[in-house]
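Undergrad: Before I ask anything, let me first share the structure, which is written out below as structure tokens.
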Amino acid sequence: MPRIIYVNGRYLAYGAAMVHAEDRGFQFGDGIYEVIEVRDGALIDATRHLDRLARSLGEIAMEMPMPRVAFAHVLREVVRRNRVTDGTVYLQITRGTRPRDFLFPGPEVRQTVVVVARPASRAAADARAATGIAVKTLADPRWARCDIKTVMLLPASLAKEAARAEGAKEAWFVDEAGHVTEGASSNAWIVDAAGRLRTRPTDEAILRGVTRTTLIDVISRLGLELLEEPFTIAEAKAAREAFITAATNVVTPVIAIDGVRIGDGVPGPVSRRLRAAFHDVVERSTNEPVLARKC
Ligand code: PDD
């Protein structure tokens, strides 16, 4: 077990090495990591690992948290303080801590930097290599399971940044067939040219939004027509109305897609009606019934 872990400029005892609950690495997977072999006390291929680190950081608009020479010193110091001869040194850099928001924080938020060194038995690794290992094949799932509400939200965060750069509040993802899947943090809907509500059926390409499910109840109570069918960007742009749903925004009308005005360019009557009716249908939980049951 490591004894000393580097966290944000300090070499801390294992039990005191903490990162904040609102760290973006924890909440969004918004960070980069590297693992470097340590052999006979030396870092192996550190230059190449630091090159890849710099590249990975650059790809998600982050910078090296300190000059390379200083970083290499920290890595060696963590290895030294943990007396690791053979093993690995692991480093992780996240975009820092601040109240949860998909958009990147400003430069006032400092990155989180963690370095952990861990011993490993060279004899055990050599024994494994002498025997050889088995592998199993499976479809590459990285990351095609949007139906799972994982905290691996970096792609969503990057998409929201790209949307913000164009003056948009949400990003809509499009699959290989040209169909809209869903928003970066919401489900996507249209009222198509024929006046029917349309949203993609639930599959592995979208999250089964709770707001979406409740809205389907609302739609059926109001006797409106719903097609759970995928729609293309062209259909969305030609739609009478478009909107998104999520617990953070209920039903929120979309008035432009890629700069193209939707309908009259103002929230449409169906979206407004659904938004107004939504809270008539929802389940409400308060403390009262829970307390009443306990008594
Ligand atoms: N996001 N699709 C994605 C990718 C989402 O992240 C969300 C919600 C939804 C809508 O799900 P629901 O109706 O259950 O909120 C669909 C939350 C609000 C978020 O990450 O902030």
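Here's how to read the names in the structure tokens: chain A, B, ... by the order shown, residue numbers from 1 in each chain, ligand numbers from 1 in the order shown.
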Residues near A:Thr112, anyone? I mean within 7 Å using only C-alpha atoms, not counting same-chain ones fewer than 6 positions away, as a list of chain:residue names.

TA: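 What passes the distance filter is A:Asn8, A:Ile93, A:Thr94, A:Arg95, A:Gly96.
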
Undergrad: Give the residues close to ligand 1, within 6 Å, counting only C-alpha atoms and all ligand atoms; write them as a PDB file with C-alpha atoms, in the first residue's frame.

TA:
```
ATOM      1  CA  GLY A 183     -28.858  15.952 -25.734  1.00  0.00           C
ATOM      2  CA  ALA A 184     -25.608  16.037 -23.784  1.00  0.00           C
ATOM      3  CA  SER A 185     -27.695  16.104 -20.571  1.00  0.00           C
ATOM      4  CA  SER A 186     -31.278  15.811 -21.796  1.00  0.00           C
ATOM      5  CA  ASN A 187     -33.579  13.869 -24.125  1.00  0.00           C
ATOM      6  CA  LEU A 207     -30.486   7.529 -21.401  1.00  0.00           C
ATOM      7  CA  GLY A 209     -34.863   9.963 -18.989  1.00  0.00           C
ATOM      8  CA  VAL A 210     -37.268   9.914 -16.064  1.00  0.00           C
ATOM      9  CA  THR A 211     -38.684  13.212 -17.342  1.00  0.00           C
ATOM     10  CA  ARG A 212     -39.113  11.562 -20.738  1.00  0.00           C
ATOM     11  CA  THR A 245     -36.458  17.153 -21.245  1.00  0.00           C
ATOM     12  CA  ALA A 246     -34.435  16.562 -18.085  1.00  0.00           C
ATOM     13  CA  ALA A 247     -34.856  16.791 -14.334  1.00  0.00           C
ATOM     14  CA  THR A 248     -32.890  20.055 -14.483  1.00  0.00           C
TER      15      THR A 248
END
```

Undergrad: Within 8 Å of stretch 252-265 of chain A, counting only C-alpha atoms, which residues qualify if same-chain residues fewer than 4 places away don't, as a VMD selection string?

TA: chain A and resid 236 to 245 271 to 272 275

Undergrad: Rank nothing, just name the residue among A:Val113, A:Leu158, A:Ile190, A:Leu226 nearest to A:Glu63, using only C-alpha atoms.

TA: A:Val113

Undergrad: Residues of stretch 57-243 of chain A in helix (DSSP H, G or I) according to DSSP, as a PyMOL selection string?

TA: chain A and resi 57-59+68-81+122-131+154-165+210-222+233-237

Undergrad: For the residues in the current selection, export C-alpha atoms as a PDB file, in the first residue's frame.

TA:
```pdb
ATOM      1  CA  LEU A  57      -4.364  17.401 -21.662  1.00  0.00           C
ATOM      2  CA  GLY A  58      -4.215  19.574 -24.782  1.00  0.00           C
ATOM      3  CA  GLU A  59      -6.968  17.524 -26.430  1.00  0.00           C
ATOM      4  CA  ARG A  68       7.755  19.140 -16.934  1.00  0.00           C
ATOM      5  CA  VAL A  69      10.951  19.260 -14.929  1.00  0.00           C
ATOM      6  CA  ALA A  70       8.982  20.042 -11.776  1.00  0.00           C
ATOM      7  CA  PHE A  71       6.462  17.312 -12.563  1.00  0.00           C
ATOM      8  CA  ALA A  72       9.207  14.733 -13.136  1.00  0.00           C
ATOM      9  CA  HIS A  73      10.657  15.782  -9.773  1.00  0.00           C
ATOM     10  CA  VAL A  74       7.289  15.195  -8.044  1.00  0.00           C
ATOM     11  CA  LEU A  75       6.994  11.751  -9.653  1.00  0.00           C
ATOM     12  CA  ARG A  76      10.489  10.773  -8.509  1.00  0.00           C
ATOM     13  CA  GLU A  77       9.843  12.214  -5.045  1.00  0.00           C
ATOM     14  CA  VAL A  78       6.662  10.154  -4.613  1.00  0.00           C
ATOM     15  CA  VAL A  79       8.552   7.049  -5.728  1.00  0.00           C
ATOM     16  CA  ARG A  80      11.364   7.874  -3.290  1.00  0.00           C
ATOM     17  CA  ARG A  81       9.081   8.628  -0.317  1.00  0.00           C
ATOM     18  CA  ARG A 122       8.669  -8.199 -10.367  1.00  0.00           C
ATOM     19  CA  ALA A 123       8.945 -11.893  -9.574  1.00  0.00           C
ATOM     20  CA  ALA A 124       5.134 -12.291  -9.757  1.00  0.00           C
ATOM     21  CA  ALA A 125       4.995 -10.428 -13.073  1.00  0.00           C
ATOM     22  CA  ASP A 126       7.814 -12.534 -14.459  1.00  0.00           C
ATOM     23  CA  ALA A 127       6.083 -15.718 -13.296  1.00  0.00           C
ATOM     24  CA  ARG A 128       2.868 -14.608 -15.046  1.00  0.00           C
ATOM     25  CA  ALA A 129       4.808 -13.862 -18.202  1.00  0.00           C
ATOM     26  CA  ALA A 130       6.502 -17.250 -18.036  1.00  0.00           C
ATOM     27  CA  THR A 131       3.102 -18.995 -17.901  1.00  0.00           C
ATOM     28  CA  LEU A 154     -16.295  14.180 -20.260  1.00  0.00           C
ATOM     29  CA  PRO A 155     -17.756  13.832 -23.804  1.00  0.00           C
ATOM     30  CA  ALA A 156     -20.929  15.576 -22.611  1.00  0.00           C
ATOM     31  CA  SER A 157     -18.907  18.324 -20.998  1.00  0.00           C
ATOM     32  CA  LEU A 158     -16.835  18.836 -24.175  1.00  0.00           C
ATOM     33  CA  ALA A 159     -20.027  18.922 -26.267  1.00  0.00           C
ATOM     34  CA  LYS A 160     -21.607  21.545 -24.009  1.00  0.00           C
ATOM     35  CA  GLU A 161     -18.475  23.670 -24.337  1.00  0.00           C
ATOM     36  CA  ALA A 162     -18.679  23.365 -28.131  1.00  0.00           C
ATOM     37  CA  ALA A 163     -22.351  24.378 -27.953  1.00  0.00           C
ATOM     38  CA  ARG A 164     -21.548  27.330 -25.715  1.00  0.00           C
ATOM     39  CA  ALA A 165     -18.917  28.499 -28.222  1.00  0.00           C
ATOM     40  CA  VAL A 210     -37.268   9.914 -16.064  1.00  0.00           C
ATOM     41  CA  THR A 211     -38.684  13.212 -17.342  1.00  0.00           C
ATOM     42  CA  ARG A 212     -39.113  11.562 -20.738  1.00  0.00           C
ATOM     43  CA  THR A 213     -41.015   8.643 -19.196  1.00  0.00           C
ATOM     44  CA  THR A 214     -43.294  10.914 -17.159  1.00  0.00           C
ATOM     45  CA  LEU A 215     -43.838  13.150 -20.172  1.00  0.00           C
ATOM     46  CA  ILE A 216     -45.094  10.123 -22.109  1.00  0.00           C
ATOM     47  CA  ASP A 217     -47.773   9.771 -19.388  1.00  0.00           C
ATOM     48  CA  VAL A 218     -48.607  13.464 -19.765  1.00  0.00           C
ATOM     49  CA  ILE A 219     -48.858  13.082 -23.535  1.00  0.00           C
ATOM     50  CA  SER A 220     -51.207  10.138 -23.274  1.00  0.00           C
ATOM     51  CA  ARG A 221     -53.399  11.931 -20.708  1.00  0.00           C
ATOM     52  CA  LEU A 222     -53.663  14.889 -23.054  1.00  0.00           C
ATOM     53  CA  ILE A 233     -31.386  16.650 -38.152  1.00  0.00           C
ATOM     54  CA  ALA A 234     -33.246  17.700 -41.324  1.00  0.00           C
ATOM     55  CA  GLU A 235     -36.560  16.601 -39.792  1.00  0.00           C
ATOM     56  CA  ALA A 236     -35.718  18.466 -36.614  1.00  0.00           C
ATOM     57  CA  LYS A 237     -34.907  21.633 -38.529  1.00  0.00           C
TER      58      LYS A 237
END
```
